[in-house]
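Written out below as structure tokens is the structure these notes cover.
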Amino acid sequence: MLTRVQAMGARGLDVVRTIGAASVFLWQALVCWPRWRLAIPLLIQQIYAVGVLSLVIIIVSGLFIGMVLGLQGYNILITYGSEQALGTLVSLTLTRELGPVVTALLFAGRAGSALTAEIGLMKATEQLSSMEMIGVDPLRRIIAPRFWAGVLTMPMLATIFTAVGILGGRLVGVDWLGIFEGSYWANMQQSVEFIDDVLNGLIKALAFGIAVTWIAVFQGYDCEPTSEGISRATTRTVVYGSLAVLALDFILTAVMFGGV
Amino acid sequence: MRIKSLELLVGAFLLLAFGALMFLAIQVSGLSGETSKESYRVHALFQNVGGLTERAKVTIAGVSVGRVESITLDAKTQQARVEMAINSEVNDISTDAVAAILTSGLLGEKYIGLTPGADDTFLKEGSRIEQTQSSLVLEDLIGKFLFNKATEAPKAAPEASADSADAAF
């Protein structure tokens, strides 16, 4: 009994320690005077790895989610004879919720796990410690550009996802099911507010980007330097990242849309 | 060469994201330069604003000419005081115009419809629209209808049925 309580306490302390370590780690990686000439090419390379390579999965899933929303929404709305509201339904669902959230989940799976595995492998093959030995700070050289790339690309990917999804909804609603195109766009424009809906969605995406990338780079940096440790860290990135996104989403939605 | 094509792809990615944002701004949320137009404020008192909200449309003949700025309770009359901002271009609404709270479609949003009058004097900053027509509350209407039916059926109180028919319409 006593040992069990002890183990629970030790686990709790471990969680607190990890959070502290992650915060100190982020602080050390980011708070420094940037050397632009060195930093920009590294950042561009990481934006390519994190953003451009995630583009295909983002566009394809966005298209299909928009099409499914169009089909499902049409089937429900037709029973009330108000299928013109399909544009409103598709666009509000995508800008407020599905765009940022699904993009962040895909991002955690596609880019987050890759970041963790890459950094973890660098640690396992002692590239990080040899970098330290030749006087290059691995936090600034490896971690910082990856973190910034993730934070910057998440809102962009979410924007693309939302736009493609709305076009997918149009494809199903207007081209296949025969809703009048004018009412699809007009109802949408009437109900979507740029600041309340589109910008709040982008703020959500930015918050998710920070959370997922932070978890990914920290898990990579903190992992056991063995092949098993890397695989565990990669799993943790996806699990913790997804959970963090969903929990954050609830909090942000309560703040942004919960009130009057 | 490798770096150059990489930069090209990242640049294309940025442009794509920017294009998507423009699409969301213009095509989806209908954002245009309209918001910063000059306007003047008028107000009106309503018995009941129903589901009217701030930033609802103000229309004349179905054309949007302004927005609802604020809805407050007028302490003296215990009525709803609705402040509207009307575009300055529309400066020839006569003072005897009627402001009615209407609903777009059966379940749509509430908006204010102005019906122009015949007066020669026009509304200007701070003036009040005297004639108003309150929001149609569906529950009241159904209640009256049911009451009407109930009194009609036994044919016991013909004068009550006539009364409620008047009240309903």
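Please note that chains go A, B, ... in the order of the structure tokens, that every chain numbers its residues from 1, and that ligands are numbered from 1 in the order shown.
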
Within 8 Å of chain B, which residues of chain A are there when counting only C-alpha atoms? Please give them as a compact mmCIF listing (two decimals) with C-alpha atoms, in the first residue's frame.
# COMPACT_ATOMS: atom_id res chain seq x y z
CA ILE A 44 13.47 27.72 -44.97
CA GLN A 45 14.78 24.18 -45.06
CA ILE A 47 9.52 24.97 -43.54
CA TYR A 48 10.07 22.79 -46.59
CA GLY A 51 5.13 22.44 -44.40
CA VAL A 52 5.61 21.68 -48.07
CA SER A 91 -17.88 27.09 -44.00
CA MET A 156 -0.84 28.28 -43.20
CA LEU A 157 -1.72 24.61 -43.49
CA THR A 159 -5.90 28.03 -43.99
CA ILE A 160 -5.24 25.86 -47.02
CA ALA A 163 -10.16 26.75 -48.26
CA TRP A 185 -21.79 31.56 -51.57
CA MET A 188 -21.84 31.74 -46.54
CA GLN A 189 -20.78 35.36 -46.89
CA GLN A 190 -23.72 36.48 -44.81
CA SER A 191 -22.90 34.29 -41.84
CA VAL A 192 -19.10 34.08 -41.81
CA GLU A 193 -17.38 37.01 -40.14
CA PHE A 194 -13.72 37.52 -41.00
CA VAL A 198 -11.60 33.15 -39.85

Leaving out Ile101 in chain B and any residue of its chain fewer than 3 positions from it, which residues lie within 7 Å of it when counting only C-alpha atoms, given as a PyMOL selection string?
-> chain B and resi 110-113+133-135

Can you list, as a ChimeraX atom specification, every protein, DNA or RNA residue that comes within 12 Å of Asn48 in chain B when you count only C-alpha atoms, leaving out same-chain residues fewer than 4 positions away?
-> /B:44,52,71-74,78-82,100-102,132-137,140

Output N, CA and C atoms of each residue in that selection to a file, as an mmCIF file, in the first residue's frame.
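File part-v6.cif, as written:
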data_model
loop_
_atom_site.group_PDB
_atom_site.id
_atom_site.type_symbol
_atom_site.label_atom_id
_atom_site.label_comp_id
_atom_site.auth_asym_id
_atom_site.auth_seq_id
_atom_site.Cartn_x
_atom_site.Cartn_y
_atom_site.Cartn_z
ATOM 1 N N ALA B 44 -34.399 54.204 -32.665
ATOM 2 C CA ALA B 44 -35.834 53.931 -32.668
ATOM 3 C C ALA B 44 -36.156 53.121 -31.425
ATOM 4 N N LEU B 52 -33.321 40.199 -32.424
ATOM 5 C CA LEU B 52 -32.429 41.119 -33.139
ATOM 6 C C LEU B 52 -31.097 41.221 -32.388
ATOM 7 N N ILE B 71 -28.186 47.793 -28.803
ATOM 8 C CA ILE B 71 -29.555 47.596 -28.347
ATOM 9 C C ILE B 71 -29.536 47.752 -26.827
ATOM 10 N N THR B 72 -30.263 48.736 -26.323
ATOM 11 C CA THR B 72 -30.294 48.953 -24.871
ATOM 12 C C THR B 72 -31.740 49.137 -24.438
ATOM 13 N N LEU B 73 -31.963 49.072 -23.132
ATOM 14 C CA LEU B 73 -33.305 49.302 -22.607
ATOM 15 C C LEU B 73 -33.437 50.786 -22.276
ATOM 16 N N ASP B 74 -34.476 51.418 -22.815
ATOM 17 C CA ASP B 74 -34.727 52.818 -22.511
ATOM 18 C C ASP B 74 -35.424 52.891 -21.148
ATOM 19 N N GLN B 78 -39.345 51.962 -20.846
ATOM 20 C CA GLN B 78 -39.226 50.503 -20.712
ATOM 21 C C GLN B 78 -39.335 49.818 -22.077
ATOM 22 N N GLN B 79 -38.824 50.482 -23.098
ATOM 23 C CA GLN B 79 -38.815 49.873 -24.425
ATOM 24 C C GLN B 79 -37.375 49.662 -24.865
ATOM 25 N N ALA B 80 -37.195 48.880 -25.922
ATOM 26 C CA ALA B 80 -35.844 48.631 -26.424
ATOM 27 C C ALA B 80 -35.428 49.787 -27.318
ATOM 28 N N ARG B 81 -34.232 50.343 -27.051
ATOM 29 C CA ARG B 81 -33.731 51.444 -27.857
ATOM 30 C C ARG B 81 -32.664 50.874 -28.786
ATOM 31 N N VAL B 82 -32.913 50.963 -30.079
ATOM 32 C CA VAL B 82 -32.004 50.392 -31.064
ATOM 33 C C VAL B 82 -31.298 51.523 -31.801
ATOM 34 N N ALA B 100 -39.287 48.360 -39.144
ATOM 35 C CA ALA B 100 -39.900 47.107 -38.715
ATOM 36 C C ALA B 100 -38.814 46.055 -38.540
ATOM 37 N N ILE B 101 -38.975 45.218 -37.522
ATOM 38 C CA ILE B 101 -38.031 44.107 -37.338
ATOM 39 C C ILE B 101 -38.571 42.903 -38.095
ATOM 40 N N LEU B 102 -37.817 42.452 -39.080
ATOM 41 C CA LEU B 102 -38.273 41.380 -39.965
ATOM 42 C C LEU B 102 -37.351 40.175 -39.837
ATOM 43 N N THR B 132 -42.575 52.455 -35.373
ATOM 44 C CA THR B 132 -41.865 51.178 -35.389
ATOM 45 C C THR B 132 -42.851 50.031 -35.328
ATOM 46 N N GLN B 133 -42.372 48.899 -35.767
ATOM 47 C CA GLN B 133 -43.179 47.692 -35.719
ATOM 48 C C GLN B 133 -42.303 46.601 -35.113
ATOM 49 N N SER B 134 -42.780 46.019 -34.009
ATOM 50 C CA SER B 134 -41.922 45.119 -33.240
ATOM 51 C C SER B 134 -41.710 43.794 -33.954
ATOM 52 N N SER B 135 -40.788 43.056 -33.403
ATOM 53 C CA SER B 135 -40.495 41.728 -33.912
ATOM 54 C C SER B 135 -41.701 40.816 -33.741
ATOM 55 N N LEU B 136 -41.875 39.960 -34.713
ATOM 56 C CA LEU B 136 -42.971 38.991 -34.653
ATOM 57 C C LEU B 136 -42.500 37.819 -33.801
ATOM 58 N N VAL B 137 -43.105 37.626 -32.629
ATOM 59 C CA VAL B 137 -42.669 36.517 -31.783
ATOM 60 C C VAL B 137 -43.539 35.307 -32.090
ATOM 61 N N ASP B 140 -46.031 33.924 -29.404
ATOM 62 C CA ASP B 140 -47.254 34.719 -29.224
ATOM 63 C C ASP B 140 -48.278 34.388 -30.303
#

Using DSSP on the backbone coordinates, identify the residues of chain B assigned to helix (DSSP H, G or I); present them as a ChimeraX atom specification.
-> /B:2-28,33-36,138-152,158-168

Which one of A:Ile119, A:Ile19, A:Leu106, A:Ile57 sits closest to Ser231 in chain A if you count only C-alpha atoms?
-> A:Ile119

Pull the strand (DSSP E or B) assignments for chain B out of DSSP run on the backbone, and list those residues as number ranges by chain.
-> B: 39-46, 57-60, 63-74, 79-87, 94, 98-103, 110-115, 122, 128-129, 131-133

Selection to disk with C-alpha atoms, as a PDB file, in the first residue's frame:
ATOM      1  CA  SER B  39     -22.347  56.789 -41.491  1.00  0.00           C
ATOM      2  CA  TYR B  40     -24.823  58.675 -39.349  1.00  0.00           C
ATOM      3  CA  ARG B  41     -26.746  57.354 -36.374  1.00  0.00           C
ATOM      4  CA  VAL B  42     -30.464  57.242 -35.835  1.00  0.00           C
ATOM      5  CA  HIS B  43     -32.406  55.439 -33.158  1.00  0.00           C
ATOM      6  CA  ALA B  44     -35.834  53.931 -32.668  1.00  0.00           C
ATOM      7  CA  LEU B  45     -37.841  52.494 -29.775  1.00  0.00           C
ATOM      8  CA  PHE B  46     -39.373  49.048 -30.118  1.00  0.00           C
ATOM      9  CA  LYS B  57     -28.556  44.509 -41.270  1.00  0.00           C
ATOM     10  CA  VAL B  58     -30.665  47.615 -41.822  1.00  0.00           C
ATOM     11  CA  THR B  59     -32.329  47.514 -45.211  1.00  0.00           C
ATOM     12  CA  ILE B  60     -34.504  49.612 -47.469  1.00  0.00           C
ATOM     13  CA  VAL B  63     -30.931  46.594 -49.990  1.00  0.00           C
ATOM     14  CA  SER B  64     -28.512  46.767 -47.067  1.00  0.00           C
ATOM     15  CA  VAL B  65     -27.929  50.406 -46.063  1.00  0.00           C
ATOM     16  CA  GLY B  66     -26.501  50.095 -42.549  1.00  0.00           C
ATOM     17  CA  ARG B  67     -26.060  48.119 -39.367  1.00  0.00           C
ATOM     18  CA  VAL B  68     -27.495  47.916 -35.878  1.00  0.00           C
ATOM     19  CA  GLU B  69     -24.955  49.479 -33.505  1.00  0.00           C
ATOM     20  CA  SER B  70     -26.406  48.807 -30.066  1.00  0.00           C
ATOM     21  CA  ILE B  71     -29.555  47.596 -28.347  1.00  0.00           C
ATOM     22  CA  THR B  72     -30.294  48.953 -24.871  1.00  0.00           C
ATOM     23  CA  LEU B  73     -33.305  49.302 -22.607  1.00  0.00           C
ATOM     24  CA  ASP B  74     -34.727  52.818 -22.511  1.00  0.00           C
ATOM     25  CA  GLN B  79     -38.815  49.873 -24.425  1.00  0.00           C
ATOM     26  CA  ALA B  80     -35.844  48.631 -26.424  1.00  0.00           C
ATOM     27  CA  ARG B  81     -33.731  51.444 -27.857  1.00  0.00           C
ATOM     28  CA  VAL B  82     -32.004  50.392 -31.064  1.00  0.00           C
ATOM     29  CA  GLU B  83     -29.159  52.531 -32.417  1.00  0.00           C
ATOM     30  CA  MET B  84     -28.544  52.185 -36.144  1.00  0.00           C
ATOM     31  CA  ALA B  85     -25.668  53.425 -38.278  1.00  0.00           C
ATOM     32  CA  ILE B  86     -26.891  54.325 -41.778  1.00  0.00           C
ATOM     33  CA  ASN B  87     -24.456  54.890 -44.649  1.00  0.00           C
ATOM     34  CA  SER B  94     -37.940  60.857 -44.679  1.00  0.00           C
ATOM     35  CA  VAL B  98     -41.407  53.012 -40.564  1.00  0.00           C
ATOM     36  CA  ALA B  99     -38.793  50.733 -38.975  1.00  0.00           C
ATOM     37  CA  ALA B 100     -39.900  47.107 -38.715  1.00  0.00           C
ATOM     38  CA  ILE B 101     -38.031  44.107 -37.338  1.00  0.00           C
ATOM     39  CA  LEU B 102     -38.273  41.380 -39.965  1.00  0.00           C
ATOM     40  CA  THR B 103     -37.000  37.848 -40.353  1.00  0.00           C
ATOM     41  CA  LYS B 110     -33.630  39.195 -37.759  1.00  0.00           C
ATOM     42  CA  TYR B 111     -32.987  42.475 -39.508  1.00  0.00           C
ATOM     43  CA  ILE B 112     -34.515  45.940 -39.634  1.00  0.00           C
ATOM     44  CA  GLY B 113     -36.479  46.955 -42.688  1.00  0.00           C
ATOM     45  CA  LEU B 114     -37.088  50.668 -43.261  1.00  0.00           C
ATOM     46  CA  THR B 115     -40.119  51.657 -45.303  1.00  0.00           C
ATOM     47  CA  PHE B 122     -35.025  63.747 -43.768  1.00  0.00           C
ATOM     48  CA  ARG B 128     -35.414  59.220 -34.011  1.00  0.00           C
ATOM     49  CA  ILE B 129     -37.647  57.019 -36.142  1.00  0.00           C
ATOM     50  CA  GLN B 131     -43.025  54.673 -36.189  1.00  0.00           C
ATOM     51  CA  THR B 132     -41.865  51.178 -35.389  1.00  0.00           C
ATOM     52  CA  GLN B 133     -43.179  47.692 -35.719  1.00  0.00           C
TER      53      GLN B 133
END

Which neighbours of Met122 in chain A fall inside 9 Å, counting only C-alpha atoms, when residues of the same chain fewer than 6 positions from it are skipped, and could you give them as a PDB file with N, CA and C atoms, in the first residue's frame?
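For reference, selection.pdb as written:
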ATOM      1  N   LEU A 128      24.180  15.234 -31.551  1.00  0.00           N
ATOM      2  CA  LEU A 128      23.939  16.414 -30.733  1.00  0.00           C
ATOM      3  C   LEU A 128      25.134  16.697 -29.823  1.00  0.00           C
ATOM      4  N   GLY A 220      11.648  14.495 -28.759  1.00  0.00           N
ATOM      5  CA  GLY A 220      12.838  14.049 -29.474  1.00  0.00           C
ATOM      6  C   GLY A 220      14.093  14.312 -28.662  1.00  0.00           C
ATOM      7  N   TYR A 221      14.181  15.480 -28.063  1.00  0.00           N
ATOM      8  CA  TYR A 221      15.376  15.877 -27.331  1.00  0.00           C
ATOM      9  C   TYR A 221      15.513  15.099 -26.035  1.00  0.00           C
ATOM     10  N   PRO A 225      18.243   7.434 -25.715  1.00  0.00           N
ATOM     11  CA  PRO A 225      18.968   7.305 -26.998  1.00  0.00           C
ATOM     12  C   PRO A 225      19.114   5.858 -27.452  1.00  0.00           C
TER      13      PRO A 225
END

Find the residues near Met131 in chain A: any atom within 10 Å, counting only C-alpha atoms, skip ones fewer than 5 places away on the same chain, and give them as number ranges by chain.
-> A: 126, 136-138, 141-142

Determine, counting only C-alpha atoms, which protein, DNA and RNA residues have an atom within 10 Å of an atom of Leu138 in chain B; residues of the same chain fewer than 5 positions away are not included. Present the result as a count of residues only.
-> 3

Report the distance between CA of Leu105 in chain A and CA of Val245 in chain A in Å, rounded to one decimal place.
-> 7.3 Å

Atomic distance CA of Ala211 in chain A - CA of Gln28 in chain A, expressed in Å with one decimal = 16.8 Å

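Restricting the calculation to only C-alpha atoms, the smallest distance between Phe64 in chain A and any of A:Gln6, A:Ser130, A:Thr162, A:Thr125 is found for A:Thr162.
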
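The residue that comes closest to Glu125 in chain B, out of B:Asn91, B:Ser104, B:Thr77, B:Thr151 and on the basis of only C-alpha atoms, is B:Asn91.
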
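With only C-alpha atoms as the atoms that count, the residue of A:Arg4, A:Gly66, A:Ile40, A:Ile195 with the shortest distance to Gly168 in chain A is A:Gly66.
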
Measure the distance from CA of Glu83 in chain A to CA of Tyr184 in chain A in Å and round it to one decimal.
-> 9.0 Å

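Using only C-alpha atoms, the shortest contact distance between Ser54 in chain A and any of A:Thr95, A:Asn200, A:Thr237, A:Thr153 is found at A:Thr153.
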